[in-house]
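A.B. asks: Please see the structure below; I have some questions.
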Amino acid sequence: MRNAEEAVPLPGAVRPKAVLPCCLEVPPRFEAKAWYALRMLLLPLGLAPERVGRSVLPEPGLYYGPGPEGLPERVVALPLREATVAFFEARVPYHAGEVRWMEGRDAHDRWPVLFGGERVAGHDLIASAFFWLSGWQEHTVRTCDRHGRFPWEASLQRRLGTTIRPPVDAYREALAERLLAAGVPVHPRRWAGHAWAFCPTHDVDYLRKWRPGMVWREVVHHLALNRRHESPGTRLRRFGRFLADLVRPGDVFRRAFERMPAETARRGGTATFFLKTGAHGPHDVPYDWDGAYVRARVQALEAGGFEVGLHPSYHAFDHPGYLREEYDRLARLTAAPPVSVRTHYLRFDPVVTPRLLAAAGFRIDSTLGFAGHEGFRHGTCLPFQLYDVAADRPLDLWEMPLAFMESVLFNRRGLDGEQALAVTHDLLATCRRFGGVAVGLWHNTLWDELDFPGWGDHFTATLDEAATQGAYIASLRDALAAFCA
């Protein structure tokens, strides 16, 4: 193996520890997909693939193709079947009945392998990884919810029961074992000296709770019309709590906006705050993004080492004009051009949105979680480059996959505080196992005990768990920079 200093740097300025000679005997129409998946599998192991011919493939090395017979003993061989190539050419939904299962650490640790044969030696980890990382299912299953999002209910993860388990990372774990057995040293990437990372992120959708419409809701809808169908006593108690909060100095959402970074800093970390600089429809609540309050908050966040990213308006996910306008506005507020983005309502067109984000100048996205369930939408808890399926090439845009959102746990899933924290701890443990990053999302509605009881406690308890378990608590920008170093 050659020293990585002789290798061409990977996109995103990621420098591996070493290069691994690899022979890919794949059809030209499948070559870009295979190469991308192999790179993404090897990168967290500190390796970069170097393309060589079969006749000069040294030991140790890696082979991927239809003819693994007769290779040297210390070459890790991964099979490719013509049916697999044909599947990707056909652009049809994956049939769950074709899945094979791979054992992990023990008999209870089973993972779905989407392509290959019955035996372990026949598992096609590369094509399976490409399916998940590229978001292939979202290009063939065009079901959308009312916000135009790919729903968890339509996902292969739901059908396989693997939503909260990242199969790509299990493939990498299995590949690492085979590489080590062949004499290939792997160097798992670390996060500023830590084995895993935790990224608290915050979407700032509102600057104030008690806007005229919200006051009308409390007085007319809840108290007078009883739209919540509550008893008179319950309604009066709620109205009393509303009045007490209304006259309290400061707004509850602003207090959360100011408290969240303080709680994170108290535990030695930083975070990413996504701000809105545009509103183009009824799903956007406009606020004075250029006013003194926001400018002061941005300055305070940046002075504390926190990251400020863009939270594009509802229609900006597929509208280049809106996106550019909102990017330019935020760039005028921040000390440096923003690099991180998460779309409003997690709206994401897999064909259009990643291209627009990359063209606008973003280098990190953290939109790709399910809007209806916690878990790993692209099958991994590690950073990966987004793939332009239509152009058949990776983009210079890295995904920091969203693992969970507080409103999903409490509202859509209906969990109580104890249940939400248990689910969150399990997700953190999974990310820790694979040396990944747990990206969590909380809005600045925390500590609003009138409408969001227990959400603030969930945030601080998650911070405490991550700190206790030795995570690198950092913004998306700083975490990815540490991972790529």
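So you can find residues: chains in the structure tokens are A, B, ... in the order shown, residues in each start at 1, and ligands are numbered from 1 in order.
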What are the nearest atom pairs, with distances in Å to one decimal, for all residues of segment 222-303 of chain A that come at most 7 Å from segment 467-480 of chain A, using only C-alpha atoms, set out by chain and rising residue number as a tab-separated table?

C.D. replies:
```
residue	atom	partner	partner_atom	distance
A:Arg267	CA	A:Ala467	CA	6.9
A:Gly269	CA	A:Ile473	CA	4.7
A:Thr270	CA	A:Ala474	CA	4.5
A:Ala271	CA	A:Ser475	CA	4.0
A:Thr272	CA	A:Ser475	CA	4.8
```

A.B. asks: Please, could you write that set of residues out with N, CA, C and O atoms as a PDB file, in the first residue's frame?

C.D. replies:
```
ATOM      1  N   ARG A 267     -21.725  22.477  28.408  1.00  0.00           N
ATOM      2  CA  ARG A 267     -21.235  21.101  28.303  1.00  0.00           C
ATOM      3  C   ARG A 267     -20.055  20.987  27.343  1.00  0.00           C
ATOM      4  O   ARG A 267     -19.707  19.905  26.899  1.00  0.00           O
ATOM      5  N   GLY A 269     -19.643  22.269  24.267  1.00  0.00           N
ATOM      6  CA  GLY A 269     -19.907  22.059  22.851  1.00  0.00           C
ATOM      7  C   GLY A 269     -20.349  23.301  22.117  1.00  0.00           C
ATOM      8  O   GLY A 269     -20.481  24.382  22.692  1.00  0.00           O
ATOM      9  N   THR A 270     -20.582  23.128  20.828  1.00  0.00           N
ATOM     10  CA  THR A 270     -21.176  24.159  19.991  1.00  0.00           C
ATOM     11  C   THR A 270     -22.314  23.509  19.206  1.00  0.00           C
ATOM     12  O   THR A 270     -22.574  22.318  19.342  1.00  0.00           O
ATOM     13  N   ALA A 271     -22.990  24.291  18.380  1.00  0.00           N
ATOM     14  CA  ALA A 271     -24.146  23.784  17.649  1.00  0.00           C
ATOM     15  C   ALA A 271     -24.323  24.601  16.378  1.00  0.00           C
ATOM     16  O   ALA A 271     -23.619  25.589  16.151  1.00  0.00           O
ATOM     17  N   THR A 272     -25.285  24.192  15.570  1.00  0.00           N
ATOM     18  CA  THR A 272     -25.643  24.915  14.355  1.00  0.00           C
ATOM     19  C   THR A 272     -27.060  25.456  14.497  1.00  0.00           C
ATOM     20  O   THR A 272     -27.979  24.709  14.861  1.00  0.00           O
TER      21      THR A 272
END
```

A.B. asks: Using the chain letters and numbers from this document, which residues of segment 70-245 of chain A does DSSP assign to alpha helix (DSSP H), as a PyMOL selection string?

C.D. replies: chain A and resi 82-90+125-133+137-140+156-160+167-181+212-216+232-245

A.B. asks: Please tabulate, as JSON lines, the residues of segment 341-438 of chain A that come within 6 Å of segment 162-176 of chain A, each with its closest pair of atoms and the distance in Å to one decimal, counting only C-alpha atoms and ordering rows by chain, then residue number upward.

C.D. replies:
```
{"residue": "A:Gly375", "atom": "CA", "partner": "A:Ile164", "partner_atom": "CA", "distance": 4.1}
{"residue": "A:Phe376", "atom": "CA", "partner": "A:Ile164", "partner_atom": "CA", "distance": 5.9}
{"residue": "A:Gly379", "atom": "CA", "partner": "A:Pro166", "partner_atom": "CA", "distance": 4.4}
{"residue": "A:Thr380", "atom": "CA", "partner": "A:Pro166", "partner_atom": "CA", "distance": 4.6}
```

A.B. asks: Could you produce a table of the residues of segment 302-343 of chain A lying within 12 Å of segment 187-210 of chain A, with the nearest pair of atoms per residue and their separation in Å rounded to one decimal, using only C-alpha atoms, ordered by chain and increasing residue number, as a tab-separated table?

C.D. replies:
```
residue	atom	partner	partner_atom	distance
A:Phe306	CA	A:Thr201	CA	10.2
A:Glu307	CA	A:Thr201	CA	9.4
A:Val308	CA	A:His202	CA	9.7
A:Gly309	CA	A:Asp203	CA	9.3
A:Leu310	CA	A:Asp203	CA	9.0
A:His311	CA	A:Asp203	CA	6.8
A:Pro312	CA	A:Asp205	CA	10.1
A:Ser313	CA	A:Asp205	CA	9.4
A:Tyr314	CA	A:Asp205	CA	10.8
A:Ser340	CA	A:Thr201	CA	10.7
A:Val341	CA	A:Asp203	CA	10.1
A:Arg342	CA	A:Asp203	CA	8.2
A:Thr343	CA	A:Asp203	CA	9.4
```

A.B. asks: Tell me, as a VMD selection string, which residues lie within 12 Å of Gln419 of chain A, counting only C-alpha atoms; anything in the same chain fewer than 4 positions away does not count.

C.D. replies: chain A and resid 406 409 to 410 413 to 415 423 to 426 454 458
